[in-house]
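*Asks:* Next comes the structure file data.txt, holding compact mmCIF, N, CA and C atoms.
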```
# COMPACT_ATOMS: atom_id res chain seq x y z
N MET A 1 161.23 106.56 74.75
CA MET A 1 161.86 105.28 74.62
C MET A 1 163.18 105.47 73.90
N ALA A 2 164.13 104.63 74.24
CA ALA A 2 165.47 104.74 73.66
C ALA A 2 165.55 103.98 72.35
N SER A 3 166.38 104.48 71.47
CA SER A 3 166.61 103.74 70.23
C SER A 3 167.53 102.55 70.53
N ALA A 4 167.52 101.56 69.69
CA ALA A 4 168.36 100.38 69.89
C ALA A 4 169.84 100.74 69.93
N GLU A 5 170.24 101.73 69.14
CA GLU A 5 171.65 102.13 69.11
C GLU A 5 172.10 102.65 70.47
N ALA A 6 171.22 103.30 71.20
CA ALA A 6 171.56 103.84 72.52
C ALA A 6 171.77 102.73 73.54
N LEU A 7 171.28 101.56 73.25
CA LEU A 7 171.36 100.44 74.19
C LEU A 7 172.55 99.53 73.93
N LEU A 8 173.30 99.78 72.87
CA LEU A 8 174.39 98.89 72.52
C LEU A 8 175.57 98.98 73.48
N ASP A 9 175.78 100.13 74.10
CA ASP A 9 176.93 100.31 74.98
C ASP A 9 176.45 100.78 76.36
N VAL A 10 175.71 99.91 77.04
CA VAL A 10 175.18 100.25 78.35
C VAL A 10 176.22 99.90 79.41
N PRO A 11 176.61 100.87 80.24
CA PRO A 11 177.60 100.56 81.28
C PRO A 11 177.02 99.59 82.31
N ALA A 12 177.90 98.81 82.90
CA ALA A 12 177.46 97.84 83.90
C ALA A 12 176.89 98.58 85.10
N ALA A 13 175.76 98.09 85.60
CA ALA A 13 175.12 98.69 86.77
C ALA A 13 175.60 98.01 88.04
N ARG A 14 175.68 98.79 89.09
CA ARG A 14 176.01 98.19 90.38
C ARG A 14 174.81 97.40 90.87
N PRO A 15 175.04 96.20 91.40
CA PRO A 15 173.91 95.42 91.91
C PRO A 15 173.28 96.10 93.13
N THR A 16 171.97 96.02 93.22
CA THR A 16 171.23 96.52 94.37
C THR A 16 170.26 95.44 94.80
N GLU A 17 169.59 95.67 95.90
CA GLU A 17 168.59 94.69 96.33
C GLU A 17 167.45 94.59 95.31
N GLU A 18 167.14 95.71 94.67
CA GLU A 18 166.03 95.72 93.72
C GLU A 18 166.42 95.10 92.38
N LEU A 19 167.63 95.36 91.93
CA LEU A 19 168.06 94.89 90.61
C LEU A 19 169.25 93.93 90.76
N ASP A 20 168.99 92.72 91.19
CA ASP A 20 170.07 91.75 91.36
C ASP A 20 170.62 91.32 90.00
N THR A 21 169.74 91.13 89.03
CA THR A 21 170.16 90.72 87.70
C THR A 21 169.41 91.55 86.68
N VAL A 22 170.15 92.17 85.77
CA VAL A 22 169.52 92.94 84.71
C VAL A 22 169.70 92.15 83.42
N ALA A 23 168.61 91.96 82.68
CA ALA A 23 168.67 91.21 81.43
C ALA A 23 167.71 91.84 80.43
N TRP A 24 168.07 91.79 79.18
CA TRP A 24 167.19 92.25 78.10
C TRP A 24 166.37 91.07 77.65
N ILE A 25 165.04 91.20 77.75
CA ILE A 25 164.11 90.11 77.42
C ILE A 25 163.11 90.66 76.41
N PRO A 26 162.82 89.90 75.36
CA PRO A 26 161.80 90.36 74.40
C PRO A 26 160.47 90.63 75.11
N MET A 27 159.74 91.65 74.66
CA MET A 27 158.50 92.04 75.33
C MET A 27 157.51 90.90 75.47
N ASP A 28 157.33 90.12 74.40
CA ASP A 28 156.37 89.02 74.47
C ASP A 28 156.76 88.03 75.58
N GLU A 29 158.05 87.77 75.71
CA GLU A 29 158.52 86.86 76.76
C GLU A 29 158.39 87.51 78.14
N ALA A 30 158.70 88.79 78.23
CA ALA A 30 158.63 89.50 79.52
C ALA A 30 157.21 89.49 80.08
N ARG A 31 156.24 89.60 79.20
CA ARG A 31 154.84 89.62 79.68
C ARG A 31 154.37 88.28 80.23
N THR A 32 155.13 87.20 80.00
CA THR A 32 154.77 85.90 80.56
C THR A 32 155.36 85.71 81.95
N LEU A 33 156.23 86.63 82.40
CA LEU A 33 156.87 86.51 83.70
C LEU A 33 155.94 86.97 84.81
N ASP A 34 156.25 86.56 86.04
CA ASP A 34 155.51 87.00 87.22
C ASP A 34 156.02 88.40 87.57
N LEU A 35 155.28 89.42 87.15
CA LEU A 35 155.72 90.81 87.30
C LEU A 35 154.74 91.61 88.15
N PRO A 36 155.24 92.65 88.83
CA PRO A 36 154.32 93.56 89.52
C PRO A 36 153.38 94.22 88.51
N ALA A 37 152.21 94.61 88.98
CA ALA A 37 151.20 95.19 88.09
C ALA A 37 151.72 96.42 87.36
N ILE A 38 152.48 97.28 88.04
CA ILE A 38 152.97 98.50 87.38
C ILE A 38 153.95 98.15 86.26
N THR A 39 154.77 97.14 86.45
CA THR A 39 155.71 96.72 85.41
C THR A 39 154.96 96.18 84.21
N ARG A 40 153.94 95.38 84.46
CA ARG A 40 153.11 94.84 83.37
C ARG A 40 152.42 95.99 82.62
N PHE A 41 151.93 97.00 83.35
CA PHE A 41 151.29 98.16 82.75
C PHE A 41 152.28 98.90 81.85
N VAL A 42 153.49 99.14 82.34
CA VAL A 42 154.50 99.87 81.57
C VAL A 42 154.87 99.09 80.31
N LEU A 43 155.02 97.78 80.41
CA LEU A 43 155.33 96.97 79.22
C LEU A 43 154.22 97.09 78.17
N THR A 44 152.98 97.04 78.64
CA THR A 44 151.84 97.16 77.71
C THR A 44 151.82 98.54 77.06
N GLU A 45 152.03 99.59 77.85
CA GLU A 45 152.06 100.94 77.30
C GLU A 45 153.19 101.10 76.29
N ALA A 46 154.37 100.57 76.60
CA ALA A 46 155.52 100.68 75.69
C ALA A 46 155.23 99.97 74.38
N ALA A 47 154.66 98.77 74.45
CA ALA A 47 154.34 98.01 73.24
C ALA A 47 153.31 98.76 72.39
N GLU A 48 152.29 99.34 73.03
CA GLU A 48 151.28 100.08 72.28
C GLU A 48 151.85 101.36 71.68
N ARG A 49 152.79 102.00 72.39
CA ARG A 49 153.40 103.23 71.89
C ARG A 49 154.27 102.95 70.66
N LEU A 50 154.81 101.74 70.55
CA LEU A 50 155.61 101.40 69.36
C LEU A 50 154.75 101.41 68.10
N THR A 51 153.48 101.02 68.24
CA THR A 51 152.60 101.00 67.06
C THR A 51 151.81 102.30 66.92
N ALA A 52 151.65 103.06 68.02
CA ALA A 52 150.91 104.33 67.98
C ALA A 52 151.67 105.36 68.82
N PRO A 53 152.79 105.88 68.28
CA PRO A 53 153.64 106.78 69.07
C PRO A 53 152.97 108.08 69.51
N ASP A 54 151.88 108.47 68.87
CA ASP A 54 151.20 109.71 69.23
C ASP A 54 150.05 109.51 70.22
N ARG A 55 149.91 108.31 70.74
CA ARG A 55 148.82 108.05 71.68
C ARG A 55 148.98 108.92 72.93
N PRO A 56 147.89 109.24 73.63
CA PRO A 56 147.98 110.08 74.83
C PRO A 56 148.87 109.43 75.90
N LEU A 57 149.51 110.29 76.70
CA LEU A 57 150.37 109.80 77.77
C LEU A 57 149.53 109.38 78.97
N PRO A 58 149.89 108.26 79.61
CA PRO A 58 149.14 107.83 80.79
C PRO A 58 149.60 108.57 82.05
N LEU A 59 148.67 108.90 82.90
CA LEU A 59 148.95 109.46 84.21
C LEU A 59 148.38 108.47 85.22
N CYS A 60 149.25 107.80 85.94
CA CYS A 60 148.82 106.78 86.91
C CYS A 60 148.74 107.41 88.29
N ALA A 61 147.68 107.08 89.02
CA ALA A 61 147.50 107.59 90.37
C ALA A 61 147.19 106.45 91.31
N SER A 62 147.67 106.57 92.52
CA SER A 62 147.40 105.59 93.56
C SER A 62 146.83 106.31 94.76
N ALA A 63 145.73 105.81 95.29
CA ALA A 63 145.08 106.45 96.42
C ALA A 63 145.48 105.78 97.73
N ALA A 64 145.41 106.52 98.80
CA ALA A 64 145.78 106.00 100.12
C ALA A 64 144.95 104.79 100.52
N TRP A 65 143.72 104.69 100.06
CA TRP A 65 142.85 103.58 100.42
C TRP A 65 143.07 102.35 99.54
N GLY A 66 144.06 102.41 98.65
CA GLY A 66 144.39 101.24 97.84
C GLY A 66 143.83 101.30 96.44
N GLY A 67 143.05 102.31 96.13
CA GLY A 67 142.52 102.44 94.78
C GLY A 67 143.57 102.95 93.82
N THR A 68 143.46 102.59 92.58
CA THR A 68 144.38 103.09 91.55
C THR A 68 143.57 103.54 90.36
N GLY A 69 144.19 104.32 89.52
CA GLY A 69 143.51 104.77 88.32
C GLY A 69 144.50 105.26 87.28
N VAL A 70 144.05 105.26 86.05
CA VAL A 70 144.87 105.76 84.94
C VAL A 70 144.03 106.76 84.17
N GLU A 71 144.61 107.92 83.94
CA GLU A 71 143.99 108.94 83.13
C GLU A 71 144.93 109.20 81.96
N TYR A 72 144.38 109.36 80.77
CA TYR A 72 145.22 109.60 79.59
C TYR A 72 145.19 111.08 79.25
N LEU A 73 146.37 111.67 79.18
CA LEU A 73 146.51 113.09 78.90
C LEU A 73 146.57 113.33 77.40
N ASP A 74 145.92 114.37 76.94
CA ASP A 74 145.90 114.67 75.51
C ASP A 74 147.20 115.29 75.01
N GLY A 75 148.11 115.65 75.89
CA GLY A 75 149.42 116.14 75.51
C GLY A 75 149.40 117.51 75.03
```
I need this file expressed as structure tokens, please.

*Replies:*
Amino acid sequence: MASAEALLDVPAARPTEELDTVAWIPMDEARTLDLPAITRFVLTEAAERLTAPDRPLPLCASAAWGGTGVEYLDG
């Protein structure tokens, strides 16, 4: 994760179909938005890592039949 100082001078991004508008939103507010499951997962992991930075890293897998899973690596 980046420190706040690294985010103070972020160059403007070119618009794409995926990122029409980029905005910094507090995590609590972001979690109330209609987000894809992977984005919600990443927000939750980031929030938990702020309070427990040494927690195991998640390894996310997606199967061809639509199944998904998360395994935590001991690092």

*Asks:* Between atom N of Asp74 of chain A and atom C of Leu50 of chain A, what distance in Å does the model show, to one decimal?

*Replies:*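 Atom N of Asp74 of chain A sits 18.0 Å away from atom C of Leu50 of chain A.
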
*Asks:* Calculate how many Å separate atom C of Ser3 of chain A from atom CA of Leu33 of chain A, rounding to one decimal.

*Replies:*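 Atom-to-atom, atom C of Ser3 of chain A to atom CA of Leu33 of chain A, that is 23.3 Å.
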
*Asks:* Name all residues at most 9 Å from Pro56 of chain A (count only C-alpha atoms; drop same-chain ones fewer than 2 positions away) and give them as a list in words.

*Replies:*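 Skipping anything fewer than 2 positions along the chain leaves Pro53, Asp54, Pro58, Tyr72, Leu73, Asp74 and Gly75 of chain A.
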
*Asks:* Grab the atom CA of Thr44 of chain A to atom CA of Met27 of chain A distance for me, in Å with one decimal place.

*Replies:* 8.7 Å

*Asks:* Could you pull out the residues in segment 19-67 of chain A that DSSP calls alpha helix (DSSP H) from the backbone, as a list in words?

*Replies:*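 Taking segment 19-67 of chain A and keeping alpha helix (DSSP H) gives Met27, Asp28, Glu29, Ala30, Ala37, Ile38, Thr39, Arg40, Phe41, Val42, Leu43, Thr44, Glu45, Ala46, Ala47, Glu48, Arg49, Leu50 and Thr51 of chain A.
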